[in-house]
Amino acid sequence: MVADSQPRYRRYRIEISPAPDLVRLPPRFRVEVEKHRLISLVLKELIHYRANLPVVLSRPCVYGVFSWPIGGLAPKEELCVGCLRCIVQYPEVVQICPNPERERLGDSYLGPACVDTLLYEARTGHVPVRGAGYRGPFGGAGWDGMWTDMSEIVRPTRDGIHGREFISTAVDIGEKPALLEFDEQGQPVGTLPKAITLQVPFLFNHPPPSARSRRLLEILTRAAREIDTLAMVPIDLAIRFELAGPWVVPVVGEETWYWLGQLNWLPRIIALEGWDRERVAELLRRFPESILCARVPMESNVLELVREGARVVHLTADYHGRRNGRLVMDLIRQAH
């Protein structure tokens with residue numbers, strides 16, 4: 001039997017497991033209990049129900065906010081969902097208020113609701129499902145101006161999330177000629193395709209300098225390996241932390257150029273900060289089989305880069321999705 005040496009299609013699979021928060025988050029609501037009124041209420045009910053403790057000590061919360069042995073004297077605020085049943089039943093005893101500490105989470109771009117959603121996804125590996133419909137705007141500034149095709153609703157049988165039918169998410173990165181040419185012997189001539197295929201339409205950018213720990217970079221590269229995508233790593237850290245493999249993209253710039261001499265493996269893609277003709281020529285000479293990627297600011301003249309030979313361009317912005325005050329959604333349109 002002869003083994004099949006041809007590569008076969010393998011769809012990505014993202015394994016999930018619980019990842020509890022390392023730092024306890026402030027609860028969404030503050031449960032303010034008038035303790036003297038609560039004690040007075042319990043004493044009255046002891047008399048009214050003739051010391052029937054199961055009735056007197058029953059808790060008006062199905063989520064367990066008052067499930068401690070001492071009940072409302074020490075409420076579990078982290079369990080409160082804001083249903084307000086306790087207020088309706090005992091308004092003179094308890095009040096539910098938004099927690100100011102929770103409202104301060106995030107920044108001008110990621111508000112408390114976004115932070116809560118992101119942390120839920122990171123903690124559970126699931127997409128949050130909420131009822132009561134969509135309460136946000138249907139149009140506006142920034143990302144709210146982008147219209148999407150909600151195919152999961154109009155074509156539920158093609159819902160790739162739940163596995164009823166696969167929808168390809170693969171993307172190609174590299175250079176492909178408009179057409180192929182062959183000689184008289186049927187062999188291809190001229191420019192040949194030079195590309196790689198990723199099974200997911202995203203990659204992991206390197207974290208900011210303040211967060212470039214060895215542990216975090218190892219996590220990113222491992223995730224890239226397991227789901228068949230790429231992780232961009234500054235070349236000096238890739239060498240120092242021994243991060244190598246087809247899923248690692250060394251990022252080299254002017255200050256880290258000399259680290260190229262210590263790169264002892266062949267990457268599929270090498271990312272160059274900016275665009276310098278001499279450095280481009282040197283990279284093509286030393287790594288002829290690798291794909292060269294130019295990392296440039298989002299507002300760069302992409303057409304000029306293509307004319308100078310760039311075939312893979314990584315347009316960068318800040319994590320707010322902006323560059324010099326402009327949203328990347330508008331800059332992508334400009335680039336195209």
# chains A, B, ... in the order shown; residues from 1 in each chain; ligands from 1
>>> closest_atom_pairs(of="stretch 176-295 of chain A", to="stretch 301-308 of chain A", cutoff="9 Å", atoms="only C-alpha atoms", output="JSON lines")
{"residue": "A:Trp275", "atom": "CA", "partner": "A:Leu305", "partner_atom": "CA", "distance": 7.9}
{"residue": "A:Arg277", "atom": "CA", "partner": "A:Glu308", "partner_atom": "CA", "distance": 8.3}
{"residue": "A:Ala294", "atom": "CA", "partner": "A:Leu305", "partner_atom": "CA", "distance": 8.7}
>>> write_last_selection(atoms="C-alpha atoms", output="mmCIF file, in the first residue's frame")
data_model
loop_
_atom_site.group_PDB
_atom_site.id
_atom_site.type_symbol
_atom_site.label_atom_id
_atom_site.label_comp_id
_atom_site.auth_asym_id
_atom_site.auth_seq_id
_atom_site.Cartn_x
_atom_site.Cartn_y
_atom_site.Cartn_z
ATOM 1 C CA TRP A 275 9.053 49.215 3.606
ATOM 2 C CA ARG A 277 13.991 48.463 -0.610
ATOM 3 C CA ALA A 294 4.981 44.620 4.803
#
>>> residues_around(residues="stretch 255-263 of chain A", least_positions_apart="3", cutoff="12 Å", atoms="only C-alpha atoms", output="count of residues only")
29
>>> select_by_dssp(residues="stretch 39-114 of chain A", states="helix (DSSP H, G or I)", output="tab-separated table (two decimals) with N, CA and C atoms, in the first residue's frame")
chain	number	residue	atom	x	y	z
A	39	ILE	N	-34.11	42.78	60.28
A	39	ILE	CA	-34.23	42.08	61.56
A	39	ILE	C	-35.64	42.26	62.12
A	40	SER	N	-36.17	43.47	62.01
A	40	SER	CA	-37.53	43.72	62.48
A	40	SER	C	-38.54	42.89	61.70
A	41	LEU	N	-38.33	42.77	60.37
A	41	LEU	CA	-39.23	41.97	59.54
A	41	LEU	C	-39.19	40.51	59.95
A	42	VAL	N	-38.00	39.98	60.20
A	42	VAL	CA	-37.87	38.57	60.60
A	42	VAL	C	-38.57	38.32	61.93
A	43	LEU	N	-38.42	39.25	62.89
A	43	LEU	CA	-39.08	39.08	64.19
A	43	LEU	C	-40.60	39.09	64.04
A	44	LYS	N	-41.11	39.99	63.20
A	44	LYS	CA	-42.55	40.04	62.98
A	44	LYS	C	-43.06	38.75	62.36
A	45	GLU	N	-42.29	38.22	61.38
A	45	GLU	CA	-42.73	36.99	60.72
A	45	GLU	C	-42.60	35.78	61.65
A	46	LEU	N	-41.64	35.82	62.57
A	46	LEU	CA	-41.55	34.73	63.55
A	46	LEU	C	-42.82	34.64	64.38
A	47	ILE	N	-43.34	35.81	64.74
A	47	ILE	CA	-44.58	35.83	65.53
A	47	ILE	C	-45.77	35.46	64.65
A	48	HIS	N	-45.80	36.05	63.43
A	48	HIS	CA	-46.95	35.82	62.56
A	48	HIS	C	-47.07	34.36	62.14
A	53	LEU	N	-39.79	28.20	61.01
A	53	LEU	CA	-38.51	28.67	60.45
A	53	LEU	C	-38.39	28.47	58.94
A	54	PRO	N	-38.81	27.33	58.36
A	54	PRO	CA	-38.69	27.21	56.89
A	54	PRO	C	-39.40	28.33	56.14
A	55	VAL	N	-40.51	28.81	56.68
A	55	VAL	CA	-41.23	29.90	56.03
A	55	VAL	C	-40.56	31.23	56.30
A	56	VAL	N	-40.18	31.45	57.55
A	56	VAL	CA	-39.59	32.73	57.92
A	56	VAL	C	-38.25	32.95	57.23
A	71	GLY	N	-28.60	35.14	55.51
A	71	GLY	CA	-29.48	35.75	54.53
A	71	GLY	C	-29.08	37.14	54.11
A	72	GLY	N	-30.04	38.08	54.21
A	72	GLY	CA	-29.84	39.43	53.71
A	72	GLY	C	-28.83	40.24	54.49
A	73	LEU	N	-28.38	39.76	55.64
A	73	LEU	CA	-27.35	40.50	56.37
A	73	LEU	C	-26.01	40.46	55.65
A	77	GLU	N	-23.68	39.60	46.29
A	77	GLU	CA	-23.94	40.55	45.21
A	77	GLU	C	-23.54	40.02	43.84
A	78	GLU	N	-22.55	39.13	43.79
A	78	GLU	CA	-22.10	38.62	42.49
A	78	GLU	C	-23.15	37.76	41.81
A	79	LEU	N	-24.19	37.32	42.55
A	79	LEU	CA	-25.24	36.50	41.96
A	79	LEU	C	-26.44	37.32	41.48
A	85	ARG	N	-37.00	41.47	41.87
A	85	ARG	CA	-38.09	40.82	42.59
A	85	ARG	C	-38.06	41.17	44.07
A	86	CYS	N	-36.86	41.24	44.65
A	86	CYS	CA	-36.75	41.54	46.08
A	86	CYS	C	-37.27	42.94	46.39
A	87	ILE	N	-37.04	43.89	45.47
A	87	ILE	CA	-37.52	45.25	45.68
A	87	ILE	C	-39.04	45.29	45.63
A	88	VAL	N	-39.61	44.55	44.68
A	88	VAL	CA	-41.07	44.52	44.55
A	88	VAL	C	-41.70	43.93	45.81
A	89	GLN	N	-41.06	42.89	46.37
A	89	GLN	CA	-41.65	42.21	47.52
A	89	GLN	C	-41.36	42.93	48.83
A	100	PRO	N	-21.08	51.34	40.94
A	100	PRO	CA	-20.19	52.33	40.30
A	100	PRO	C	-18.85	51.74	39.88
A	101	GLU	N	-18.34	50.77	40.65
A	101	GLU	CA	-17.06	50.16	40.28
A	101	GLU	C	-17.17	49.41	38.95
A	102	ARG	N	-18.31	48.77	38.74
A	102	ARG	CA	-18.52	48.05	37.48
A	102	ARG	C	-18.63	49.03	36.31
A	103	GLU	N	-19.27	50.16	36.55
A	103	GLU	CA	-19.45	51.14	35.49
A	103	GLU	C	-18.14	51.77	35.05
A	112	PRO	N	-18.36	49.07	29.85
A	112	PRO	CA	-18.57	47.95	30.79
A	112	PRO	C	-19.26	46.75	30.15
A	113	ALA	N	-20.25	46.99	29.28
A	113	ALA	CA	-20.95	45.87	28.65
A	113	ALA	C	-20.01	45.07	27.75
A	114	CYS	N	-19.15	45.76	27.00
A	114	CYS	CA	-18.20	45.07	26.12
A	114	CYS	C	-17.18	44.28	26.95
>>> select_by_dssp(residues="stretch 9-221 of chain A", states="strand (DSSP E or B)", output="VMD selection string")
chain A and resid 29 to 33 94 to 98 171 to 175 181 to 182 188 to 189 194 to 198 204
>>> closest_residue(among="A:Gly186, A:Gly145, A:Pro297, A:His320", to="A:Gly111", atoms="only C-alpha atoms")
A:His320
>>> residues_around(residues="A:Leu216", least_positions_apart="5", cutoff="9 Å", atoms="only C-alpha atoms", output="list in words")
Pro207, Ala211 and Thr221 of chain A
>>> atom_distance(atom1="atom CA of A:Gly309", atom2="atom CA of A:Arg285")
14.2 Å
>>> atom_distance(atom1="atom CA of A:Arg28", atom2="atom CA of A:Val81")
7.6 Å
>>> residues_around(residues="A:Ala317", least_positions_apart="4", cutoff="8 Å", atoms="only C-alpha atoms", output="number ranges by chain")
A: 297-298, 321-323, 328
>>> write_last_selection(atoms="N, CA and C atoms", output="compact mmCIF listing (two decimals), in the first residue's frame")
# COMPACT_ATOMS: atom_id res chain seq x y z
N PRO A 297 1.47 51.52 8.43
CA PRO A 297 0.28 52.16 8.99
C PRO A 297 -0.90 52.10 8.04
N MET A 298 -2.09 52.12 8.61
CA MET A 298 -3.31 51.93 7.84
C MET A 298 -3.49 52.95 6.72
N GLY A 321 -9.19 50.46 16.72
CA GLY A 321 -9.56 50.41 15.31
C GLY A 321 -9.43 51.76 14.63
N ARG A 322 -8.50 52.58 15.11
CA ARG A 322 -8.34 53.92 14.53
C ARG A 322 -6.87 54.20 14.22
N ARG A 323 -6.70 55.09 13.28
CA ARG A 323 -5.36 55.54 12.91
C ARG A 323 -5.45 57.02 12.57
N VAL A 328 -10.72 52.34 10.91
CA VAL A 328 -10.12 51.44 9.93
C VAL A 328 -11.12 51.02 8.86
>>> residues_around(residues="A:Glu15", least_positions_apart="5", cutoff="9 Å", atoms="only C-alpha atoms", output="PyMOL selection string")
chain A and resi 125+226-227
